[in-house]
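What follows is the content of upload14.cif, which has mmCIF, C-alpha atoms:
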```
data_upload
loop_
_atom_site.label_atom_id
_atom_site.label_comp_id
_atom_site.auth_asym_id
_atom_site.auth_seq_id
_atom_site.Cartn_x
_atom_site.Cartn_y
_atom_site.Cartn_z
CA MET A 271 20.03 -31.43 -14.60
CA PRO A 272 18.81 -28.10 -13.23
CA ARG A 273 16.12 -28.19 -10.57
CA ARG A 274 12.73 -27.27 -11.97
CA PHE A 275 11.73 -23.76 -10.97
CA ARG A 276 8.66 -23.46 -8.81
CA ALA A 277 6.80 -20.32 -7.82
CA PRO A 278 6.88 -19.64 -4.05
CA ILE A 279 3.13 -19.17 -4.06
CA GLU A 280 0.58 -20.29 -6.60
CA ALA A 281 -3.20 -20.26 -6.97
CA VAL A 282 -4.66 -23.71 -7.60
CA ASP A 283 -8.25 -24.48 -8.57
CA ARG A 284 -9.32 -27.59 -6.68
CA ALA A 285 -11.68 -30.18 -8.09
CA ASP A 286 -14.52 -28.81 -5.94
CA GLY A 287 -14.17 -25.41 -7.63
CA VAL A 288 -12.52 -23.70 -4.66
CA THR A 289 -9.31 -21.76 -5.27
CA VAL A 290 -6.55 -22.25 -2.75
CA TRP A 291 -3.01 -20.91 -2.64
CA GLU A 292 -0.09 -23.27 -2.24
CA LEU A 293 3.06 -22.09 -0.54
CA ASP A 294 6.34 -23.60 -1.62
CA LEU A 295 8.96 -21.96 0.55
CA PRO A 296 11.80 -23.76 2.29
CA THR A 297 11.82 -23.67 6.08
CA GLU A 298 14.75 -21.24 6.29
CA HIS A 299 12.90 -18.74 4.10
CA ARG A 300 9.75 -19.08 6.18
CA GLU A 301 11.77 -18.51 9.35
CA ALA A 302 13.40 -15.42 7.86
CA VAL A 303 10.02 -13.92 6.97
CA VAL A 304 8.59 -14.72 10.40
CA HIS A 305 11.62 -13.07 11.98
CA LEU A 306 11.04 -9.93 9.89
CA PHE A 307 7.35 -9.88 10.82
CA GLY A 308 8.35 -10.00 14.50
CA GLU A 309 10.79 -7.12 14.04
CA LEU A 310 8.15 -5.02 12.29
CA ARG A 311 5.58 -5.80 14.99
CA GLN A 312 8.00 -4.58 17.67
CA LEU A 313 8.86 -1.47 15.63
CA ILE A 314 5.17 -0.61 15.21
CA ARG A 315 4.55 -1.00 18.95
CA GLU A 316 7.61 0.90 20.13
CA GLY A 317 8.74 3.15 17.28
CA ASP A 318 7.94 6.77 16.53
CA PRO A 319 5.30 6.87 13.76
CA ASP A 320 6.30 10.41 12.83
CA ARG A 321 9.88 9.55 11.94
CA PRO A 322 11.50 7.31 9.34
CA PRO A 323 11.14 4.49 8.72
CA LEU A 324 7.71 4.17 10.38
CA ILE A 325 6.30 7.35 8.86
CA ARG A 326 6.10 5.44 5.57
CA LEU A 327 3.53 3.15 7.18
CA PHE A 328 1.73 6.02 8.92
CA PRO A 329 1.89 8.97 6.52
CA PRO A 330 -0.18 12.11 7.22
CA THR A 331 -3.61 12.19 5.60
CA TYR A 332 -4.08 15.97 5.65
CA VAL A 333 -0.81 17.54 4.59
CA ASP A 334 -1.87 21.19 4.81
CA ASP A 335 -4.34 21.11 7.68
CA ALA A 336 -2.85 20.40 11.09
CA GLU A 337 -6.21 20.52 12.83
CA LYS A 338 -7.85 17.94 10.57
CA GLN A 339 -4.72 15.81 10.66
CA ALA A 340 -4.77 15.79 14.49
CA GLU A 341 -8.45 14.83 14.47
CA TYR A 342 -7.89 12.10 11.87
CA ARG A 343 -4.99 10.67 13.84
CA ARG A 344 -6.99 10.71 17.08
CA LEU A 345 -9.77 8.72 15.41
CA MET A 346 -7.86 6.41 13.06
CA HIS A 347 -4.27 5.88 14.18
CA ASP A 348 -4.98 3.16 16.74
CA ASP A 349 -7.20 1.36 14.23
CA LEU A 350 -4.37 1.38 11.70
CA ILE A 351 -1.96 -0.04 14.27
CA ARG A 352 -4.46 -2.76 15.21
CA SER A 353 -5.04 -3.60 11.55
CA ARG A 354 -1.33 -3.91 10.85
CA ILE A 355 -0.70 -6.08 13.91
CA ALA A 356 -3.68 -8.31 13.04
CA GLN A 357 -2.38 -8.79 9.48
CA LEU A 358 1.12 -9.57 10.77
CA ASP A 359 -0.28 -12.11 13.26
CA ALA A 360 -2.36 -13.79 10.56
CA ALA A 361 0.46 -13.83 8.03
CA GLU A 362 2.93 -15.18 10.58
CA ALA A 363 0.63 -18.06 11.52
CA LEU A 364 0.29 -18.96 7.85
CA ILE A 365 3.88 -18.71 6.70
CA GLY A 366 5.52 -20.02 9.88
CA PRO A 367 7.13 -23.47 9.89
CA ASP A 368 3.94 -24.94 11.38
CA GLY A 369 1.64 -23.15 8.97
CA PRO A 370 -0.69 -24.90 6.52
CA ASP A 371 0.39 -25.80 3.01
CA GLU A 372 -2.74 -24.22 1.58
CA LEU A 373 -3.98 -20.68 2.15
CA ASP A 374 -7.31 -19.05 1.46
CA GLU A 375 -7.59 -15.63 -0.18
CA ALA A 376 -7.81 -13.72 3.12
CA GLY A 377 -4.58 -15.38 4.20
CA VAL A 378 -2.84 -14.42 0.98
CA VAL A 379 -4.00 -10.82 1.40
CA ALA A 380 -2.59 -10.76 4.94
CA LEU A 381 0.66 -12.14 3.58
CA LEU A 382 0.67 -9.60 0.75
CA GLN A 383 0.15 -6.61 3.04
CA SER A 384 2.66 -7.79 5.63
CA VAL A 385 5.43 -8.67 3.17
CA ASN A 386 4.93 -5.32 1.50
CA ALA A 387 4.99 -3.45 4.82
CA VAL A 388 8.28 -5.12 5.77
CA ARG A 389 9.67 -4.36 2.33
CA VAL A 390 8.64 -0.69 2.54
CA VAL A 391 10.28 -0.29 5.95
CA LEU A 392 13.45 -2.11 4.89
CA GLY A 393 13.61 -0.11 1.66
CA THR A 394 13.26 3.11 3.68
CA ILE A 395 16.05 2.05 6.04
CA LEU A 396 18.25 1.16 3.06
CA ASP A 397 17.34 4.48 1.48
CA VAL A 398 16.22 2.86 -1.74
CA THR A 399 15.76 5.78 -4.07
CA ASP A 400 15.40 4.14 -7.45
CA ASP A 401 12.30 2.42 -8.59
CA PRO A 402 13.30 -1.11 -9.63
CA ASP A 403 10.52 -1.00 -12.20
CA ASP A 404 12.41 1.80 -13.93
CA GLU A 405 15.27 -0.41 -14.98
CA GLU A 406 13.56 -1.52 -18.13
CA LEU A 407 12.03 1.88 -18.81
CA ASP A 408 15.06 4.09 -18.49
CA ASP A 409 17.46 4.90 -21.25
CA PRO A 410 20.12 2.21 -20.99
CA GLY A 411 22.76 4.73 -21.90
CA ALA A 412 21.94 6.79 -18.85
CA GLY A 413 21.52 3.82 -16.56
CA ALA A 414 25.12 3.62 -15.46
CA GLU A 415 24.96 7.13 -14.10
CA SER A 416 21.44 7.34 -12.78
CA ILE A 417 20.66 3.91 -11.45
CA ARG A 418 23.53 1.59 -10.86
CA ASP A 419 25.68 3.81 -8.70
CA VAL A 420 23.17 4.09 -5.87
CA ASP A 421 21.02 1.72 -3.85
CA ASP A 422 18.99 -0.23 -6.33
CA GLY A 423 18.37 -3.52 -4.63
CA LEU A 424 21.29 -5.08 -6.49
CA ASP A 425 23.86 -4.37 -3.81
CA ASP A 426 25.20 -7.66 -2.48
CA SER A 427 24.97 -6.72 1.20
CA PRO A 428 22.80 -9.12 3.22
CA GLU A 429 20.20 -6.41 3.76
CA HIS A 430 19.90 -5.74 0.04
CA GLN A 431 19.67 -9.44 -0.67
CA LEU A 432 16.86 -9.60 1.88
CA TYR A 433 15.16 -6.69 0.14
CA GLY A 434 15.52 -8.49 -3.18
CA PHE A 435 14.05 -11.65 -1.68
CA LEU A 436 11.02 -9.72 -0.37
CA SER A 437 10.56 -8.12 -3.80
CA TRP A 438 10.59 -11.56 -5.39
CA LEU A 439 8.10 -13.00 -2.88
CA LEU A 440 5.82 -9.97 -3.19
CA GLU A 441 5.83 -10.07 -6.99
CA TRP A 442 4.80 -13.72 -6.99
CA THR A 443 2.14 -13.10 -4.38
CA VAL A 444 0.62 -10.30 -6.48
CA ARG A 445 0.78 -12.52 -9.54
CA SER A 446 -0.97 -15.37 -7.72
CA LEU A 447 -3.84 -13.04 -6.78
CA SER A 448 -4.14 -11.51 -10.23
CA GLY A 449 -5.18 -14.80 -11.78
CA MET B 175 -49.36 41.30 16.20
CA PRO B 176 -49.33 39.61 12.84
CA THR B 177 -51.54 36.57 12.51
CA THR B 178 -49.63 35.05 9.67
CA LEU B 179 -45.98 34.56 9.24
CA GLU B 180 -44.52 36.77 6.66
CA PRO B 181 -42.54 34.92 4.08
CA ALA B 182 -38.92 35.20 4.88
CA LYS B 183 -36.48 35.96 2.18
CA VAL B 184 -34.46 32.89 1.49
CA GLU B 185 -30.92 33.36 0.34
CA GLU B 186 -30.17 30.93 -2.44
CA PRO B 187 -26.72 29.50 -1.96
CA ASP B 188 -24.26 30.50 -4.60
CA LEU B 189 -22.76 27.21 -5.71
CA ASP B 190 -19.66 28.93 -6.97
CA ASP B 191 -19.09 30.31 -3.52
CA ALA B 192 -19.81 27.18 -1.46
CA PRO B 193 -17.97 26.96 1.83
CA ALA B 194 -14.91 24.76 1.77
CA SER B 195 -16.61 22.13 3.92
CA ASP B 196 -19.23 21.51 1.22
CA ARG B 197 -16.82 20.90 -1.62
CA PRO B 198 -16.00 17.31 -2.56
CA TRP B 199 -12.77 15.69 -1.54
CA ILE B 200 -10.22 13.81 -3.59
CA VAL B 201 -7.81 11.05 -2.64
CA LEU B 202 -4.29 11.30 -4.00
CA VAL B 203 -1.65 8.58 -4.21
CA TRP B 204 1.94 9.77 -4.46
CA ASN B 205 4.88 8.15 -6.17
CA ASP B 206 7.49 6.40 -4.09
CA PRO B 207 10.58 4.45 -5.12
CA ILE B 208 9.74 1.28 -3.21
CA ASN B 209 6.26 -0.01 -3.98
CA LEU B 210 6.17 -2.28 -7.01
CA MET B 211 4.11 -1.25 -10.03
CA SER B 212 2.32 -4.58 -10.07
CA TYR B 213 1.46 -4.22 -6.37
CA VAL B 214 0.09 -0.68 -6.78
CA THR B 215 -2.03 -1.76 -9.76
CA HIS B 216 -3.36 -4.70 -7.77
CA VAL B 217 -4.30 -2.47 -4.81
CA PHE B 218 -6.17 -0.02 -7.07
CA GLN B 219 -8.13 -2.90 -8.59
CA THR B 220 -8.94 -4.45 -5.24
CA LEU B 221 -9.87 -1.32 -3.27
CA PHE B 222 -11.74 0.60 -5.95
CA GLY B 223 -12.93 -2.15 -8.30
CA TYR B 224 -11.10 -0.64 -11.26
CA SER B 225 -10.41 -2.70 -14.35
CA LYS B 226 -6.84 -3.81 -14.97
CA GLU B 227 -6.57 -1.15 -17.68
CA LYS B 228 -7.88 1.69 -15.50
CA ALA B 229 -5.75 0.64 -12.51
CA THR B 230 -2.66 0.43 -14.71
CA GLU B 231 -3.38 3.87 -16.16
CA LEU B 232 -3.64 5.37 -12.65
CA MET B 233 -0.50 3.56 -11.51
CA LEU B 234 1.42 4.95 -14.50
CA ASP B 235 0.12 8.44 -13.69
CA VAL B 236 1.47 8.04 -10.16
CA HIS B 237 4.76 6.77 -11.52
CA HIS B 238 5.32 9.35 -14.23
CA LYS B 239 3.50 12.44 -12.93
CA GLY B 240 4.30 11.94 -9.27
CA ARG B 241 0.70 11.55 -8.12
CA ALA B 242 -2.80 10.62 -9.26
CA VAL B 243 -6.34 11.17 -8.06
CA VAL B 244 -7.67 7.67 -7.39
CA ALA B 245 -11.03 8.46 -5.77
CA SER B 246 -13.35 11.28 -4.76
CA GLY B 247 -16.36 11.75 -2.53
CA THR B 248 -17.41 13.01 0.86
CA ARG B 249 -14.86 13.61 3.58
CA GLU B 250 -15.88 10.43 5.38
CA GLU B 251 -15.68 8.33 2.22
CA CYS B 252 -12.26 9.69 1.35
CA GLU B 253 -10.96 9.18 4.87
CA MET B 254 -11.91 5.53 4.61
CA HIS B 255 -10.21 5.24 1.22
CA VAL B 256 -7.03 6.78 2.64
CA PHE B 257 -7.16 4.46 5.63
CA ARG B 258 -7.33 1.41 3.39
CA LEU B 259 -4.55 2.71 1.16
CA HIS B 260 -2.42 3.24 4.26
CA GLU B 261 -3.19 -0.33 5.32
CA HIS B 262 -1.57 -1.32 2.03
CA SER B 263 1.42 0.98 2.69
CA LEU B 264 0.68 3.34 -0.16
CA TRP B 265 1.44 7.01 0.33
CA ALA B 266 -2.05 8.52 0.20
CA THR B 267 -3.39 11.92 1.19
CA MET B 268 -6.66 13.79 0.69
CA GLU B 269 -7.62 17.36 -0.03
CA HIS B 270 -10.48 19.48 -1.32
CA ASP B 271 -11.14 19.14 -5.01
CA GLU B 272 -10.04 22.46 -6.47
CA SER B 273 -10.84 21.58 -10.06
#
```

So that I can check it, write out the structure of this file as structure tokens.
Amino acid sequence: MPRRFRAPIEAVDRADGVTVWELDLPTEHREAVVHLFGELRQLIREGDPDRPPLIRLFPPTYVDDAEKQAEYRRLMHDDLIRSRIAQLDAAEALIGPDGPDELDEAGVVALLQSVNAVRVVLGTILDVTDDPDDEELDDPGAGAESIRDVDDGLDDSPEHQLYGFLSWLLEWTVRSLSG
Amino acid sequence: MPTTLEPAKVEEPDLDDAPASDRPWIVLVWNDPINLMSYVTHVFQTLFGYSKEKATELMLDVHHKGRAVVASGTREECEMHVFRLHEHSLWATMEHDES
């Protein structure tokens, strides 16, 4: 008999009217996510924000105005780094092997942002160039030429499987917040 | 020596010729091949309070047209919008509204 499918994260309305989010991820998956959060934290602290893959997390705000861009960066860049690190720290504490079984909404948002940030960086490293959402929108007849022959998240390399796992976790996290 | 101030001629500003710094700003979100449609829609709803329908419409504009204007306002307001979009790893920029 097949094992009943369970969502990795799910919003539950408690008897007292409070909504909580239940995580149902095996320990090895939690450890993998925590490991990725640690790698991203190190990359943010030590990497070059003007080069791939980090530039995707720190894109320019003023594309055609170097002076305004320099001023914006001087005022905001450190705040953005601090915000990202804070979200990673919060998400790691929640999803780690010692984390709680129930999350509040702020915790889920930290998880959402951090999983997405890792996914964006990994997708940039893997040079993902096709939108996975396009698969059902594109002409199936053209799909073999335009989608399947390049990185599309369906490659069976470990890195692509990891990317697919993050997509799956992110999709369920969004769904759990959307009610 | 005049005992009263003569009225000075006041130049009325020509609104069609307002300096660039006075024109409103717009926030743009650009398409990328990584962020999920559902995630982008969710972020638009959360950050700007848009309905599911409006957020989906903007997300589809980003997806199909390459970019969409998601907010407008003063420079400070738009900078804060861009900051929050960057926190969510969306590719956002801002510029003067030329429309």

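Using all atoms listed in the file for every distance, the candidate list A:Ser437, A:Thr331, A:Thr443, A:Gln431 yields A:Thr331 as the residue closest to chain B.
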
Please write the residues picked by the PyMOL selection byres ((chain A) within 9 of (chain B)) on this file as a PyMOL selection string. chain A and resi 326-334+342+346+350+353-354+382-384+386-387+389-390+393-394+398-403+437+440-441+444-445+447-448

Please identify all polymer residues lying at most 9 Å from the point (-19.8, 16.2, 1.2) (file coordinates), using only C-alpha atoms, and present the result as number ranges by chain. B: 195-199, 247-251

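With CA of Glu301 (chain A) on one side and CA of Asp368 (chain A) on the other, the separation reads 10.3 Å.
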
Length of the CA of Asp371 (chain A) to CA of Trp291 (chain A) vector [Å]: 8.2 Å

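The neighbours of Phe435 (chain A) here are the residues that come within 12 Å of it, using only C-alpha atoms and leaving out any residue fewer than 3 positions away in the same chain; they are Pro278, Leu295, His299, Arg300, Ala302, Val303, Val385, Asn386, Val388, Arg389, Leu392, Gly423, Leu424, Asp426, Pro428, Glu429, His430, Gln431, Leu432, Trp438, Leu439, Leu440, Glu441 and Trp442 of chain A.
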
Coordinates-based distance that separates CA of Val203 (chain B) from CA of Thr230 (chain B) (Å, one decimal): 13.3 Å

Exercise: residues within 12 Å of coordinate (4.2, -0.9, 16.8), counting all atoms listed in the file, as a PDB file with C-alpha atoms, in the coordinates of the input:
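Saved the output as point_8.pdb:
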```
ATOM      1  CA  PHE A 307       7.350  -9.880  10.820  1.00  0.00           C
ATOM      2  CA  GLY A 308       8.350 -10.000  14.500  1.00  0.00           C
ATOM      3  CA  GLU A 309      10.790  -7.120  14.040  1.00  0.00           C
ATOM      4  CA  LEU A 310       8.150  -5.020  12.290  1.00  0.00           C
ATOM      5  CA  ARG A 311       5.580  -5.800  14.990  1.00  0.00           C
ATOM      6  CA  GLN A 312       8.000  -4.580  17.670  1.00  0.00           C
ATOM      7  CA  LEU A 313       8.860  -1.470  15.630  1.00  0.00           C
ATOM      8  CA  ILE A 314       5.170  -0.610  15.210  1.00  0.00           C
ATOM      9  CA  ARG A 315       4.550  -1.000  18.950  1.00  0.00           C
ATOM     10  CA  GLU A 316       7.610   0.900  20.130  1.00  0.00           C
ATOM     11  CA  GLY A 317       8.740   3.150  17.280  1.00  0.00           C
ATOM     12  CA  ASP A 318       7.940   6.770  16.530  1.00  0.00           C
ATOM     13  CA  PRO A 319       5.300   6.870  13.760  1.00  0.00           C
ATOM     14  CA  PRO A 323      11.140   4.490   8.720  1.00  0.00           C
ATOM     15  CA  LEU A 324       7.710   4.170  10.380  1.00  0.00           C
ATOM     16  CA  ILE A 325       6.300   7.350   8.860  1.00  0.00           C
ATOM     17  CA  LEU A 327       3.530   3.150   7.180  1.00  0.00           C
ATOM     18  CA  PHE A 328       1.730   6.020   8.920  1.00  0.00           C
ATOM     19  CA  HIS A 347      -4.270   5.880  14.180  1.00  0.00           C
ATOM     20  CA  ASP A 348      -4.980   3.160  16.740  1.00  0.00           C
ATOM     21  CA  ASP A 349      -7.200   1.360  14.230  1.00  0.00           C
ATOM     22  CA  LEU A 350      -4.370   1.380  11.700  1.00  0.00           C
ATOM     23  CA  ILE A 351      -1.960  -0.040  14.270  1.00  0.00           C
ATOM     24  CA  ARG A 352      -4.460  -2.760  15.210  1.00  0.00           C
ATOM     25  CA  SER A 353      -5.040  -3.600  11.550  1.00  0.00           C
ATOM     26  CA  ARG A 354      -1.330  -3.910  10.850  1.00  0.00           C
ATOM     27  CA  ILE A 355      -0.700  -6.080  13.910  1.00  0.00           C
ATOM     28  CA  ALA A 356      -3.680  -8.310  13.040  1.00  0.00           C
ATOM     29  CA  LEU A 358       1.120  -9.570  10.770  1.00  0.00           C
TER      30      LEU A 358
END
```

Need to verify the contact set: region 377-379 of chain A, 7 Å, all atoms listed in the file, exclusion of same-chain residues closer than 4 positions in sequence. Can you return it as a ChimeraX atom specification? /A:360-361,373,383

Quick one: everything within 10 Å of Lys228 (chain B), counting all atoms listed in the file, minus sequence neighbours fewer than 4 positions away in the same chain. Send it as a list of chain:residue names.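 Non-adjacent residues within range: B:Thr215, B:Phe218, B:Gln219, B:Gly223, B:Tyr224, B:Leu232, B:Met233, B:Leu234.
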
For Trp204 (chain B), which residue out of B:Leu259, B:Ala245, B:Val236, B:Leu221 is the nearest one, using all atoms listed in the file?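 Between B:Leu259, B:Ala245, B:Val236, B:Leu221, the residue approaching Trp204 (chain B) most closely is B:Val236.
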